[in-house]
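J.: final_9.cif is reproduced below (mmCIF, C-alpha atoms).
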data_entry
#
loop_
_atom_site.group_PDB
_atom_site.id
_atom_site.type_symbol
_atom_site.label_atom_id
_atom_site.label_comp_id
_atom_site.auth_asym_id
_atom_site.auth_seq_id
_atom_site.Cartn_x
_atom_site.Cartn_y
_atom_site.Cartn_z
ATOM 1 C CA MET M 29 3.676 -23.425 -2.662
ATOM 2 C CA SER M 30 5.028 -22.741 0.837
ATOM 3 C CA LEU M 31 5.929 -19.405 2.347
ATOM 4 C CA PRO M 32 9.593 -18.469 2.021
ATOM 5 C CA ASN M 33 11.774 -18.204 5.111
ATOM 6 C CA GLY M 34 13.356 -14.944 6.145
ATOM 7 C CA TYR M 35 10.555 -12.471 6.903
ATOM 8 C CA ALA M 36 11.746 -12.159 10.513
ATOM 9 C CA ASN M 37 15.162 -11.052 9.284
ATOM 10 C CA LEU M 38 13.847 -8.128 7.254
ATOM 11 C CA GLY M 39 14.142 -4.606 8.655
ATOM 12 C CA VAL M 40 11.348 -2.454 7.210
ATOM 13 C CA VAL M 41 10.807 1.314 7.424
ATOM 14 C CA VAL M 42 7.372 2.640 6.436
ATOM 15 C CA ILE M 43 7.016 6.403 5.931
ATOM 16 C CA GLY M 44 3.363 7.246 5.513
ATOM 17 C CA SER M 45 -0.080 8.025 6.793
ATOM 18 C CA TYR M 46 -2.386 6.901 9.569
ATOM 19 C CA ASN M 47 -6.174 7.403 9.397
ATOM 20 C CA THR M 48 -8.996 6.303 11.648
ATOM 21 C CA ASP M 49 -11.736 4.994 9.353
ATOM 22 C CA LEU M 50 -15.270 5.975 10.407
ATOM 23 C CA VAL M 51 -17.516 3.583 8.491
ATOM 24 C CA ILE M 52 -21.311 3.788 8.149
ATOM 25 C CA ALA M 53 -23.173 0.950 6.434
ATOM 26 C CA CYS M 54 -25.953 1.871 4.020
ATOM 27 C CA ASP M 55 -28.242 0.267 1.450
ATOM 28 C CA ALA M 56 -27.098 2.698 -1.272
ATOM 29 C CA LEU M 57 -24.464 5.411 -1.344
ATOM 30 C CA PRO M 58 -25.962 8.866 -0.760
ATOM 31 C CA GLU M 59 -26.189 11.126 -3.795
ATOM 32 C CA LYS M 60 -25.201 14.769 -3.915
ATOM 33 C CA GLY M 61 -27.462 16.809 -1.619
ATOM 34 C CA GLN M 62 -29.076 13.689 -0.138
ATOM 35 C CA SER M 63 -29.262 12.661 3.525
ATOM 36 C CA ILE M 64 -30.258 9.073 4.251
ATOM 37 C CA LEU M 65 -30.670 6.803 7.243
ATOM 38 C CA GLY M 66 -27.778 4.383 7.443
ATOM 39 C CA GLY M 67 -27.013 1.227 9.342
ATOM 40 C CA ASP M 68 -24.313 0.284 11.815
ATOM 41 C CA PHE M 69 -21.382 2.557 12.561
ATOM 42 C CA GLU M 70 -17.911 1.013 12.959
ATOM 43 C CA MET M 71 -14.499 2.502 13.616
ATOM 44 C CA PHE M 72 -11.271 0.940 12.333
ATOM 45 C CA CYS M 73 -7.580 1.782 12.243
ATOM 46 C CA GLY M 74 -6.377 2.541 8.719
ATOM 47 C CA GLY M 75 -4.245 4.814 6.555
ATOM 48 C CA ARG M 76 -2.161 3.656 3.601
ATOM 49 C CA GLY M 77 1.150 3.837 5.449
ATOM 50 C CA ALA M 78 -0.005 2.312 8.722
ATOM 51 C CA ASN M 79 -1.865 -0.468 6.899
ATOM 52 C CA CYS M 80 1.324 -1.432 5.097
ATOM 53 C CA ALA M 81 3.260 -1.343 8.377
ATOM 54 C CA VAL M 82 0.764 -3.684 10.059
ATOM 55 C CA ALA M 83 0.808 -6.073 7.089
ATOM 56 C CA ALA M 84 4.609 -6.290 7.200
ATOM 57 C CA ALA M 85 4.649 -6.681 10.984
ATOM 58 C CA ARG M 86 2.107 -9.507 10.887
ATOM 59 C CA ALA M 87 4.227 -11.228 8.249
ATOM 60 C CA GLY M 88 7.022 -11.221 10.831
ATOM 61 C CA CYS M 89 9.207 -8.280 9.768
ATOM 62 C CA LYS M 90 10.824 -5.782 12.129
ATOM 63 C CA VAL M 91 8.917 -2.610 11.286
ATOM 64 C CA LYS M 92 9.447 1.072 12.028
ATOM 65 C CA PHE M 93 6.568 3.439 11.218
ATOM 66 C CA VAL M 94 7.340 7.098 10.525
ATOM 67 C CA GLY M 95 4.562 9.678 10.351
ATOM 68 C CA ALA M 96 2.566 12.160 12.396
ATOM 69 C CA HIS M 97 -0.626 12.462 14.429
ATOM 70 C CA GLY M 98 -2.420 15.185 16.363
ATOM 71 C CA ALA M 99 -3.104 15.630 20.068
ATOM 72 C CA ASP M 100 -6.610 14.168 20.075
ATOM 73 C CA MET M 101 -8.598 11.040 20.889
ATOM 74 C CA PHE M 102 -7.639 9.315 17.642
ATOM 75 C CA ALA M 103 -3.916 9.665 18.406
ATOM 76 C CA LYS M 104 -4.067 7.225 21.334
ATOM 77 C CA MET M 105 -6.046 4.793 19.213
ATOM 78 C CA ALA M 106 -3.303 4.987 16.575
ATOM 79 C CA THR M 107 -0.301 4.644 18.872
ATOM 80 C CA ASP M 108 -1.868 1.863 20.935
ATOM 81 C CA ARG M 109 -2.766 -0.152 17.848
ATOM 82 C CA LEU M 110 0.656 0.130 16.234
ATOM 83 C CA ALA M 111 2.382 -0.677 19.531
ATOM 84 C CA ASN M 112 0.180 -3.765 19.910
ATOM 85 C CA GLU M 113 1.446 -4.891 16.496
ATOM 86 C CA ARG M 114 5.031 -4.544 17.849
ATOM 87 C CA ILE M 115 5.815 -1.699 15.480
ATOM 88 C CA ASP M 116 8.453 0.887 16.402
ATOM 89 C CA THR M 117 6.574 4.210 16.698
ATOM 90 C CA SER M 118 9.397 6.318 18.147
ATOM 91 C CA ASP M 119 9.209 8.553 15.057
ATOM 92 C CA PHE M 120 5.421 8.607 14.782
ATOM 93 C CA ILE M 121 5.417 12.171 16.080
ATOM 94 C CA GLU M 122 2.780 14.450 17.559
ATOM 95 C CA LEU M 123 1.987 17.740 15.848
ATOM 96 C CA PRO M 124 -0.017 19.631 18.506
ATOM 97 C CA SER M 125 -1.514 22.077 16.007
ATOM 98 C CA SER M 126 -2.706 19.303 13.663
ATOM 99 C CA GLN M 127 -5.354 16.598 13.811
ATOM 100 C CA THR M 128 -4.867 12.857 13.542
ATOM 101 C CA GLY M 129 -5.965 11.520 10.167
ATOM 102 C CA VAL M 130 -9.644 10.607 9.821
ATOM 103 C CA ALA M 131 -11.549 9.131 6.871
ATOM 104 C CA MET M 132 -15.363 9.131 6.656
ATOM 105 C CA ILE M 133 -16.541 6.139 4.633
ATOM 106 C CA PHE M 134 -20.006 5.134 3.399
ATOM 107 C CA GLN M 135 -20.204 1.444 2.483
ATOM 108 C CA GLU M 136 -23.016 -0.424 0.751
ATOM 109 C CA ARG M 137 -24.037 -3.526 2.690
ATOM 110 C CA LYS M 138 -24.694 -5.841 -0.271
ATOM 111 C CA THR M 139 -21.876 -4.889 -2.622
ATOM 112 C CA GLY M 140 -19.151 -3.591 -0.305
ATOM 113 C CA LEU M 141 -18.751 -0.581 -2.621
ATOM 114 C CA HIS M 142 -17.856 2.609 -0.812
ATOM 115 C CA SER M 143 -17.182 6.308 -1.100
ATOM 116 C CA GLY M 144 -15.086 8.281 1.336
ATOM 117 C CA LEU M 145 -13.522 11.572 2.239
ATOM 118 C CA ILE M 146 -10.184 11.995 4.025
ATOM 119 C CA ALA M 147 -9.804 15.002 6.311
ATOM 120 C CA ARG M 148 -6.856 17.385 6.228
ATOM 121 C CA SER M 149 -4.502 16.169 8.938
ATOM 122 C CA ALA M 150 -0.983 15.640 10.262
ATOM 123 C CA ASN M 151 -0.411 13.136 7.446
ATOM 124 C CA THR M 152 0.324 15.920 4.966
ATOM 125 C CA GLN M 153 1.777 18.344 7.506
ATOM 126 C CA PHE M 154 4.805 16.569 8.920
ATOM 127 C CA PRO M 155 8.011 18.119 7.574
ATOM 128 C CA ALA M 156 10.729 16.711 5.353
ATOM 129 C CA SER M 157 13.060 17.174 8.332
ATOM 130 C CA LEU M 158 11.374 14.155 9.969
ATOM 131 C CA VAL M 159 12.522 12.019 7.034
ATOM 132 C CA ARG M 160 16.048 13.420 7.325
ATOM 133 C CA LYS M 161 15.975 12.645 11.057
ATOM 134 C CA ILE M 162 15.520 8.924 10.360
ATOM 135 C CA GLU M 163 18.222 8.756 7.691
ATOM 136 C CA SER M 164 20.222 6.225 9.716
ATOM 137 C CA ALA M 165 17.164 3.955 9.989
ATOM 138 C CA ILE M 166 16.678 4.178 6.225
ATOM 139 C CA ARG M 167 20.355 3.395 5.666
ATOM 140 C CA GLN M 168 20.165 0.303 7.906
ATOM 141 C CA SER M 169 16.851 -0.988 6.516
ATOM 142 C CA ASP M 170 16.274 -3.808 4.056
ATOM 143 C CA LEU M 171 13.149 -2.212 2.563
ATOM 144 C CA VAL M 172 11.541 1.242 2.644
ATOM 145 C CA PHE M 173 7.824 1.666 1.913
ATOM 146 C CA THR M 174 6.021 4.918 1.171
ATOM 147 C CA GLN M 175 2.906 6.205 -0.614
ATOM 148 C CA PHE M 176 1.357 9.452 -1.884
ATOM 149 C CA GLU M 177 -0.707 10.232 1.236
ATOM 150 C CA ILE M 178 2.014 12.493 2.715
ATOM 151 C CA ALA M 179 3.347 15.936 1.796
ATOM 152 C CA SER M 180 5.256 16.147 -1.477
ATOM 153 C CA GLU M 181 8.296 17.633 0.302
ATOM 154 C CA ALA M 182 8.535 14.633 2.638
ATOM 155 C CA LEU M 183 7.983 12.252 -0.271
ATOM 156 C CA SER M 184 10.781 13.894 -2.262
ATOM 157 C CA GLU M 185 13.120 13.433 0.698
ATOM 158 C CA VAL M 186 12.256 9.729 0.835
ATOM 159 C CA TYR M 187 13.145 9.432 -2.851
ATOM 160 C CA ARG M 188 16.405 11.330 -2.367
ATOM 161 C CA LEU M 189 17.654 9.354 0.625
ATOM 162 C CA CYS M 190 16.735 5.975 -0.836
ATOM 163 C CA ASN M 191 18.546 6.842 -4.062
ATOM 164 C CA GLN M 192 21.556 8.192 -2.168
ATOM 165 C CA HIS M 193 21.883 5.063 -0.037
ATOM 166 C CA HIS M 194 20.833 2.608 -2.784
ATOM 167 C CA LYS M 195 17.910 1.288 -0.731
ATOM 168 C CA ARG M 196 15.094 -0.885 -2.050
ATOM 169 C CA LEU M 197 12.168 1.555 -2.167
ATOM 170 C CA VAL M 198 8.595 0.270 -2.535
ATOM 171 C CA VAL M 199 6.019 2.898 -3.542
ATOM 172 C CA HIS M 200 2.254 2.479 -3.315
ATOM 173 C CA ALA M 201 1.381 5.153 -5.872
ATOM 174 C CA ALA M 202 -1.918 6.388 -4.444
ATOM 175 C CA PRO M 203 -3.738 8.657 -4.217
ATOM 176 C CA VAL M 204 -2.749 10.180 -7.564
ATOM 177 C CA GLN M 205 -3.895 13.802 -7.601
ATOM 178 C CA SER M 206 -2.993 16.961 -9.476
ATOM 179 C CA GLY M 207 0.633 17.896 -8.892
ATOM 180 C CA ILE M 208 1.784 14.407 -7.888
ATOM 181 C CA GLN M 209 4.925 13.342 -9.739
ATOM 182 C CA LEU M 210 7.236 10.353 -9.839
ATOM 183 C CA PRO M 211 10.668 11.732 -10.699
ATOM 184 C CA THR M 212 13.190 9.610 -12.537
ATOM 185 C CA GLY M 213 15.168 7.579 -10.019
ATOM 186 C CA HIS M 214 15.673 4.047 -8.756
ATOM 187 C CA TYR M 215 12.541 2.292 -7.461
ATOM 188 C CA TYR M 216 12.538 -1.359 -6.423
ATOM 189 C CA LEU M 217 8.776 -1.878 -6.733
ATOM 190 C CA LEU M 218 5.809 0.333 -7.578
ATOM 191 C CA VAL M 219 2.192 -0.732 -6.978
ATOM 192 C CA ILE M 220 -0.543 1.283 -8.688
ATOM 193 C CA GLY M 221 -4.144 1.017 -9.898
ATOM 194 C CA ASP M 222 -4.863 0.961 -13.624
ATOM 195 C CA PHE M 223 -6.612 4.366 -13.722
ATOM 196 C CA GLU M 224 -3.910 5.888 -11.536
ATOM 197 C CA ALA M 225 -1.178 4.478 -13.799
ATOM 198 C CA LEU M 226 -2.663 6.260 -16.811
ATOM 199 C CA SER M 227 -3.056 9.491 -14.862
ATOM 200 C CA LEU M 228 0.449 9.456 -13.388
ATOM 201 C CA THR M 229 2.199 8.683 -16.668
ATOM 202 C CA GLY M 230 -0.096 10.419 -19.153
ATOM 203 C CA GLN M 231 -0.158 7.265 -21.292
ATOM 204 C CA PRO M 232 -3.173 5.881 -23.213
ATOM 205 C CA ASP M 233 -3.099 2.267 -21.948
ATOM 206 C CA VAL M 234 -1.665 0.124 -19.180
ATOM 207 C CA ASN M 235 1.157 -1.392 -21.249
ATOM 208 C CA ALA M 236 2.348 2.053 -22.308
ATOM 209 C CA ALA M 237 2.106 3.236 -18.701
ATOM 210 C CA ILE M 238 4.236 0.300 -17.548
ATOM 211 C CA ARG M 239 6.879 1.123 -20.175
ATOM 212 C CA GLU M 240 6.926 4.732 -18.982
ATOM 213 C CA LEU M 241 7.318 3.680 -15.347
ATOM 214 C CA HIS M 242 10.290 1.492 -16.251
ATOM 215 C CA HIS M 243 11.736 4.431 -18.189
ATOM 216 C CA ARG M 244 11.516 6.509 -14.994
ATOM 217 C CA GLY M 245 13.589 3.940 -13.133
ATOM 218 C CA VAL M 246 11.035 1.509 -11.673
ATOM 219 C CA ARG M 247 12.528 -1.990 -11.625
ATOM 220 C CA ASN M 248 9.302 -3.921 -10.882
ATOM 221 C CA VAL M 249 5.711 -2.783 -11.497
ATOM 222 C CA ILE M 250 2.378 -4.175 -10.266
ATOM 223 C CA VAL M 251 -0.847 -2.753 -11.695
ATOM 224 C CA TRP M 252 -4.081 -3.484 -9.856
ATOM 225 C CA GLN M 253 -6.701 -4.063 -12.595
ATOM 226 C CA ARG M 254 -10.302 -3.100 -11.927
ATOM 227 C CA PRO M 255 -12.943 -4.457 -12.040
ATOM 228 C CA ARG M 256 -11.419 -7.743 -13.223
ATOM 229 C CA PHE M 257 -9.697 -8.463 -9.922
ATOM 230 C CA SER M 258 -6.363 -9.294 -11.480
ATOM 231 C CA LEU M 259 -2.790 -8.094 -11.271
ATOM 232 C CA THR M 260 -0.587 -7.137 -14.203
ATOM 233 C CA PHE M 261 3.116 -7.141 -13.414
ATOM 234 C CA SER M 262 6.411 -6.503 -15.144
ATOM 235 C CA ASP M 263 10.123 -6.770 -14.402
ATOM 236 C CA GLY M 264 11.041 -4.654 -17.423
ATOM 237 C CA ASN M 265 11.319 -7.589 -19.802
ATOM 238 C CA ARG M 266 7.839 -9.094 -19.856
ATOM 239 C CA VAL M 267 4.324 -8.045 -18.840
ATOM 240 C CA GLN M 268 2.443 -10.909 -17.177
ATOM 241 C CA ALA M 269 -0.861 -11.488 -15.382
ATOM 242 C CA GLN M 270 -1.897 -13.019 -12.058
ATOM 243 C CA PRO M 271 -5.551 -13.568 -11.112
ATOM 244 C CA ILE M 272 -6.708 -12.788 -7.594
ATOM 245 C CA PRO M 273 -8.497 -15.718 -5.915
ATOM 246 C CA SER M 274 -12.229 -15.264 -5.632
ATOM 247 C CA LEU M 275 -13.505 -15.008 -2.058
ATOM 248 C CA PRO M 276 -16.663 -13.358 -0.688
ATOM 249 C CA PHE M 277 -16.059 -9.611 -0.954
ATOM 250 C CA VAL M 278 -16.507 -7.655 2.307
ATOM 251 C CA GLN M 279 -14.583 -4.394 1.856
ATOM 252 C CA GLY M 280 -11.570 -2.955 0.081
ATOM 253 C CA ALA M 281 -9.916 -0.749 2.712
ATOM 254 C CA GLY M 282 -6.289 -1.771 3.198
ATOM 255 C CA ALA M 283 -6.316 -4.458 0.503
ATOM 256 C CA VAL M 284 -3.810 -2.834 -1.876
ATOM 257 C CA GLU M 285 -1.489 -2.016 1.039
ATOM 258 C CA CYS M 286 -1.689 -5.690 1.997
ATOM 259 C CA LEU M 287 -0.677 -6.633 -1.538
ATOM 260 C CA THR M 288 2.119 -4.044 -1.507
ATOM 261 C CA ALA M 289 3.606 -5.289 1.752
ATOM 262 C CA TRP M 290 3.464 -9.003 0.957
ATOM 263 C CA ALA M 291 4.728 -8.607 -2.609
ATOM 264 C CA GLY M 292 7.533 -6.279 -1.505
ATOM 265 C CA ILE M 293 8.876 -8.374 1.342
ATOM 266 C CA THR M 294 8.554 -11.651 -0.597
ATOM 267 C CA LEU M 295 10.391 -10.139 -3.557
ATOM 268 C CA ALA M 296 13.170 -8.939 -1.241
ATOM 269 C CA ILE M 297 13.613 -12.448 0.181
ATOM 270 C CA THR M 298 13.240 -14.541 -2.983
ATOM 271 C CA ASP M 299 14.158 -12.180 -5.839
ATOM 272 C CA ASP M 300 11.329 -13.990 -7.661
ATOM 273 C CA LEU M 301 8.691 -11.547 -8.928
ATOM 274 C CA ALA M 302 6.210 -14.238 -10.000
ATOM 275 C CA ARG M 303 6.329 -15.829 -6.543
ATOM 276 C CA ALA M 304 5.984 -12.438 -4.877
ATOM 277 C CA ILE M 305 2.927 -11.620 -7.006
ATOM 278 C CA TYR M 306 1.370 -14.995 -6.281
ATOM 279 C CA LEU M 307 1.656 -14.542 -2.521
ATOM 280 C CA GLY M 308 0.541 -10.921 -2.854
ATOM 281 C CA ALA M 309 -2.589 -12.125 -4.658
ATOM 282 C CA GLN M 310 -3.386 -14.538 -1.830
ATOM 283 C CA ALA M 311 -2.889 -11.755 0.719
ATOM 284 C CA ILE M 312 -5.089 -9.230 -1.083
ATOM 285 C CA ALA M 313 -7.850 -11.838 -1.489
ATOM 286 C CA PHE M 314 -7.765 -12.478 2.260
ATOM 287 C CA SER M 315 -7.914 -8.747 3.016
ATOM 288 C CA LEU M 316 -10.853 -8.158 0.660
ATOM 289 C CA SER M 317 -12.820 -10.852 2.494
ATOM 290 C CA ARG M 318 -12.378 -9.373 6.003
ATOM 291 C CA PRO M 319 -13.730 -6.199 7.679
ATOM 292 C CA GLY M 320 -11.505 -3.288 8.624
ATOM 293 C CA ALA M 321 -8.272 -2.094 7.035
ATOM 294 C CA GLN M 322 -5.624 -3.143 9.551
ATOM 295 C CA ASP M 323 -7.884 -5.843 10.990
ATOM 296 C CA SER M 324 -7.924 -7.538 7.571
ATOM 297 C CA MET M 325 -4.159 -8.035 7.343
ATOM 298 C CA PRO M 326 -3.295 -11.760 7.420
ATOM 299 C CA TYR M 327 -0.770 -13.598 9.523
ATOM 300 C CA PRO M 328 1.309 -16.155 7.587
ATOM 301 C CA SER M 329 -0.740 -19.031 9.002
ATOM 302 C CA GLU M 330 -3.893 -17.484 7.489
ATOM 303 C CA LEU M 331 -2.636 -17.421 3.916
ATOM 304 C CA PRO M 332 -4.028 -20.420 1.988
ATOM 305 C CA VAL M 333 -0.983 -20.690 -0.225
ATOM 306 C CA SER M 334 -2.237 -24.043 -1.500
ATOM 307 C CA TRP M 335 -4.730 -22.229 -3.732
ATOM 308 C CA PRO M 336 -3.967 -23.293 -7.308
ATOM 309 C CA VAL M 337 -2.196 -20.963 -9.683
ATOM 310 C CA VAL M 338 -1.927 -21.617 -13.397
ATOM 311 C CA ASN M 339 1.555 -21.725 -14.928
ATOM 312 C CA LEU M 340 3.337 -19.999 -12.054
ATOM 313 C CA GLY M 341 6.494 -18.281 -13.226
ATOM 314 C CA GLY M 342 5.659 -18.762 -16.900
ATOM 315 C CA TYR M 343 2.620 -16.709 -17.859
ATOM 316 C CA PRO M 344 2.169 -15.911 -21.537
ATOM 317 C CA ALA M 345 3.674 -12.496 -22.178
ATOM 318 C CA VAL M 346 1.125 -9.762 -22.829
ATOM 319 C CA SER M 347 3.834 -7.688 -24.448
ATOM 320 C CA ALA M 348 7.587 -7.492 -24.588
ATOM 321 C CA ILE M 349 9.337 -4.532 -22.992
ATOM 322 C CA THR M 350 12.805 -3.279 -23.691
ATOM 323 C CA PRO M 351 14.188 -1.526 -20.573
ATOM 324 C CA GLY M 352 14.592 2.173 -21.192
ATOM 325 C CA ASP M 353 12.158 2.312 -24.166
#
Starting from the coordinates I provided, produce the structure as C-alpha cells.
T.:
Amino acid sequence: MSLPNGYANLGVVVIGSYNTDLVIACDALPEKGQSILGGDFEMFCGGRGANCAVAAARAGCKVKFVGAHGADMFAKMATDRLANERIDTSDFIELPSSQTGVAMIFQERKTGLHSGLIARSANTQFPASLVRKIESAIRQSDLVFTQFEIASEALSEVYRLCNQHHKRLVVHAAPVQSGIQLPTGHYYLLVIGDFEALSLTGQPDVNAAIRELHHRGVRNVIVWQRPRFSLTFSDGNRVQAQPIPSLPFVQGAGAVECLTAWAGITLAITDDLARAIYLGAQAIAFSLSRPGAQDSMPYPSELPVSWPVVNLGGYPAVSAITPGD
C-alpha cells in the first residue's frame, strides 16, 4: 500500500498543549515514599497538542498550533522547536504569569514502562477568547485537532466553533479526568484508550462505549487497546480491528498523538477509514520504537507501508452498530 497524495494540500489547526518532558531512566519505577538512584537524564519536546502538530507537519500538512506558554527557559525551547518544524506559532501565546508546561517522567530501561506527573501550567490557563480569536483560521481549515489537556472553557469553544462552521474536528480524548465531558455534537474522529473510553462514557465494555460515542455524534472512533497493542475502530456501522506492527518498544510518549494525526489526515484525504487506520498503525509502531515524543514522529519516507496487513478493508465485524442506538 502506498501513501495517498494530498497531505501538502491540507490546512490543519491544532489547539492544545505543549510540555517539555524531563525523563530519568531507572531500573524500576520508584514506589511511594522511595528515593532511588536513576540513570541518564534526557529532555524532550512533548505535549499532546504539540506532538500532534509535529506529526501532521512532518506528514507534509500546513499546520497552525494554538496554545500558551510561560516566560521561562522552556518557552524558547518550545517556540524554536515548533518553528523548526515549519509550524505557524503566531497564536502560541505567552502568559507572563504562567509557566510553560513541564512533565516529569520516570522510565524503566528494560521495559520502557513509565510514570509521570504534569505540572500546572499555561496549557490549562489560556482563555477561551484565544480560540475565538482564531475563528477565521478554524473556518478556513481542512481539519481541527484538539485534546483534553487544555481548560474546559477553551475546549468547549473549540467544540462550538467547529460545530457552527461544520469543520472536521479530531479529538484525542485524553487525559480523561473527573469533570471531563464530551457533549453531544458533530465529531469527525475521536481517538481514545480503552480504559478512558469506559470512564468517559460510563459503559461496561468497549463495544458499548463505542455505541455511546456514536450516539453523542462521533462519526469515526478509534480505541487504543492495551496491552494487546491493537486498534479497534468503527464508522458507526461496524466495529473492526487492526493490529499494530511489532517493533522493539522504546517509549510511549507521543505515540497516540502520532496515530491521531496520521489517521485523521489520511481519513480526510481518502475518506477510507480502514486505510487511515492501517497507516495510523504503521505510524504509531514507528513512534513506539523511537525515543522522545516529537522526535519519534515519522516523515512519510520512514513509514514502512509495505508491512503486511490481513484482509485490509474487510475485517470480520466484532459487532454491528446501528447509528443512534
J.: Have a look at atom CA of M:Val51 and atom CA of M:Arg76 and let me know their distance in Å, one decimal.
T.: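 Value for the atom CA of M:Val51-atom CA of M:Arg76 distance: 16.1 Å.
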J.: Sorted by chain and rising residue number, which residues of stretch 82-148 of chain M lie within 9 Å of stretch 280-299 of chain M, and what are their closest atom pairs and distances in Å to one decimal, counting only C-alpha atoms, as a tab-separated table?
T.:
residue	atom	partner	partner_atom	distance
M:Val82	CA	M:Cys286	CA	8.7
M:Ala83	CA	M:Cys286	CA	5.7
M:Ala84	CA	M:Ala289	CA	5.6
M:Ala87	CA	M:Trp290	CA	7.7
M:Cys89	CA	M:Ile293	CA	8.4
M:Gly140	CA	M:Gly280	CA	7.6
M:Leu141	CA	M:Gly280	CA	8.0
M:His142	CA	M:Gly280	CA	8.4
J.: Please expand the PyMOL selection byres ((chain M and resi 44-50) around 10) into the concrete residues it hits in this file, giving the result as a PyMOL selection string.
T.: chain M and resi 41-43+51-52+69-81+93-97+102-103+105-107+110+120+128-134+144-147+149-152+173-179+182-183+281+320-321
J.: For stretch 230-246 of chain M, list every protein, DNA or RNA residue within 12 Å, evaluated using all atoms listed in the file, and leave out those in the same chain fewer than 6 positions away; present the list as a VMD selection string.
T.: chain M and resid 187 191 196 to 199 201 204 209 to 224 252 to 254 259 to 269 345 to 353
J.: Pick from M:Ile64, M:Ala304, M:Leu316, M:Val172: nearest to M:Pro276, with only C-alpha atoms counted?
T.: M:Leu316
J.: Evaluate the PyMOL selection byres ((chain M and resi 205) around 9) on the structure here and hand back the selected residues as a PyMOL selection string.
T.: chain M and resi 176+202-204+206-208+224+227-228
J.: Hey, can you check how far atom CA of M:Leu275 sits from atom CA of M:Val249?
T.: 24.7 Å
J.: For the atom pair atom CA of M:Cys54 and atom CA of M:Gln135, what is the interatomic distance in Å to one decimal place?
T.: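 Result for atom CA of M:Cys54 versus atom CA of M:Gln135: 6.0 Å, one decimal.
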J.: On this structure, which residues satisfy the PyMOL selection byres ((chain M and resi 166) around 10), written as a short mmCIF file (atom, residue, chain, number, x, y, z; two decimals) with C-alpha atoms, keeping the file's coordinate frame?
T.:
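As written to disk, selection_8.cif reads:
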data_model
loop_
_atom_site.label_atom_id
_atom_site.label_comp_id
_atom_site.auth_asym_id
_atom_site.auth_seq_id
_atom_site.Cartn_x
_atom_site.Cartn_y
_atom_site.Cartn_z
CA GLY M 39 14.14 -4.61 8.65
CA VAL M 40 11.35 -2.45 7.21
CA VAL M 41 10.81 1.31 7.42
CA VAL M 42 7.37 2.64 6.44
CA ILE M 43 7.02 6.40 5.93
CA LYS M 92 9.45 1.07 12.03
CA VAL M 159 12.52 12.02 7.03
CA ARG M 160 16.05 13.42 7.32
CA LYS M 161 15.98 12.64 11.06
CA ILE M 162 15.52 8.92 10.36
CA GLU M 163 18.22 8.76 7.69
CA SER M 164 20.22 6.22 9.72
CA ALA M 165 17.16 3.96 9.99
CA ARG M 167 20.36 3.40 5.67
CA GLN M 168 20.16 0.30 7.91
CA SER M 169 16.85 -0.99 6.52
CA ASP M 170 16.27 -3.81 4.06
CA LEU M 171 13.15 -2.21 2.56
CA VAL M 172 11.54 1.24 2.64
CA VAL M 186 12.26 9.73 0.84
CA LEU M 189 17.65 9.35 0.62
CA CYS M 190 16.74 5.98 -0.84
CA HIS M 193 21.88 5.06 -0.04
CA LYS M 195 17.91 1.29 -0.73
CA ARG M 196 15.09 -0.88 -2.05
CA LEU M 197 12.17 1.56 -2.17
#
J.: Neighbouring residues of M:Ala85 were defined as those with any atom within 8 Å, considering only C-alpha atoms; residues of the same chain fewer than 5 positions away were excluded. Please report them as a list in words.
T.: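 Near neighbours after the sequence-gap exclusion: Lys90, Val91, Glu113, Arg114 and Ile115 of chain M.
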J.: Taking the partial coordinates given, rebuild stretch 274-285 of chain M to contain N, CA and C atoms; return it as an mmCIF file, in the coordinates of the input.
T.:
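Generated output (selection.cif):
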data_model
loop_
_atom_site.group_PDB
_atom_site.id
_atom_site.type_symbol
_atom_site.label_atom_id
_atom_site.label_comp_id
_atom_site.auth_asym_id
_atom_site.auth_seq_id
_atom_site.Cartn_x
_atom_site.Cartn_y
_atom_site.Cartn_z
ATOM 1 N N SER M 274 -10.883 -15.771 -5.883
ATOM 2 C CA SER M 274 -12.229 -15.264 -5.632
ATOM 3 C C SER M 274 -12.723 -15.727 -4.265
ATOM 4 N N LEU M 275 -12.915 -14.755 -3.372
ATOM 5 C CA LEU M 275 -13.505 -15.008 -2.058
ATOM 6 C C LEU M 275 -14.662 -14.034 -1.863
ATOM 7 N N PRO M 276 -15.565 -14.298 -0.918
ATOM 8 C CA PRO M 276 -16.663 -13.358 -0.688
ATOM 9 C C PRO M 276 -16.119 -11.963 -0.365
ATOM 10 N N PHE M 277 -16.559 -10.966 -1.118
ATOM 11 C CA PHE M 277 -16.059 -9.611 -0.954
ATOM 12 C C PHE M 277 -16.755 -8.939 0.227
ATOM 13 N N VAL M 278 -15.967 -8.373 1.153
ATOM 14 C CA VAL M 278 -16.507 -7.655 2.307
ATOM 15 C C VAL M 278 -16.212 -6.165 2.201
ATOM 16 N N GLN M 279 -14.961 -5.805 1.977
ATOM 17 C CA GLN M 279 -14.583 -4.394 1.856
ATOM 18 C C GLN M 279 -13.185 -4.297 1.273
ATOM 19 N N GLY M 280 -12.843 -3.109 0.759
ATOM 20 C CA GLY M 280 -11.570 -2.955 0.081
ATOM 21 C C GLY M 280 -10.525 -2.157 0.825
ATOM 22 N N ALA M 281 -10.872 -1.590 1.993
ATOM 23 C CA ALA M 281 -9.916 -0.749 2.712
ATOM 24 C C ALA M 281 -8.704 -1.575 3.145
ATOM 25 N N GLY M 282 -7.518 -1.098 2.794
ATOM 26 C CA GLY M 282 -6.289 -1.771 3.198
ATOM 27 C C GLY M 282 -5.830 -2.873 2.285
ATOM 28 N N ALA M 283 -6.649 -3.286 1.315
ATOM 29 C CA ALA M 283 -6.316 -4.458 0.503
ATOM 30 C C ALA M 283 -5.073 -4.230 -0.360
ATOM 31 N N VAL M 284 -4.966 -3.068 -1.004
ATOM 32 C CA VAL M 284 -3.810 -2.834 -1.876
ATOM 33 C C VAL M 284 -2.541 -2.664 -1.040
ATOM 34 N N GLU M 285 -2.652 -2.103 0.153
ATOM 35 C CA GLU M 285 -1.489 -2.016 1.039
ATOM 36 C C GLU M 285 -1.040 -3.407 1.475
#
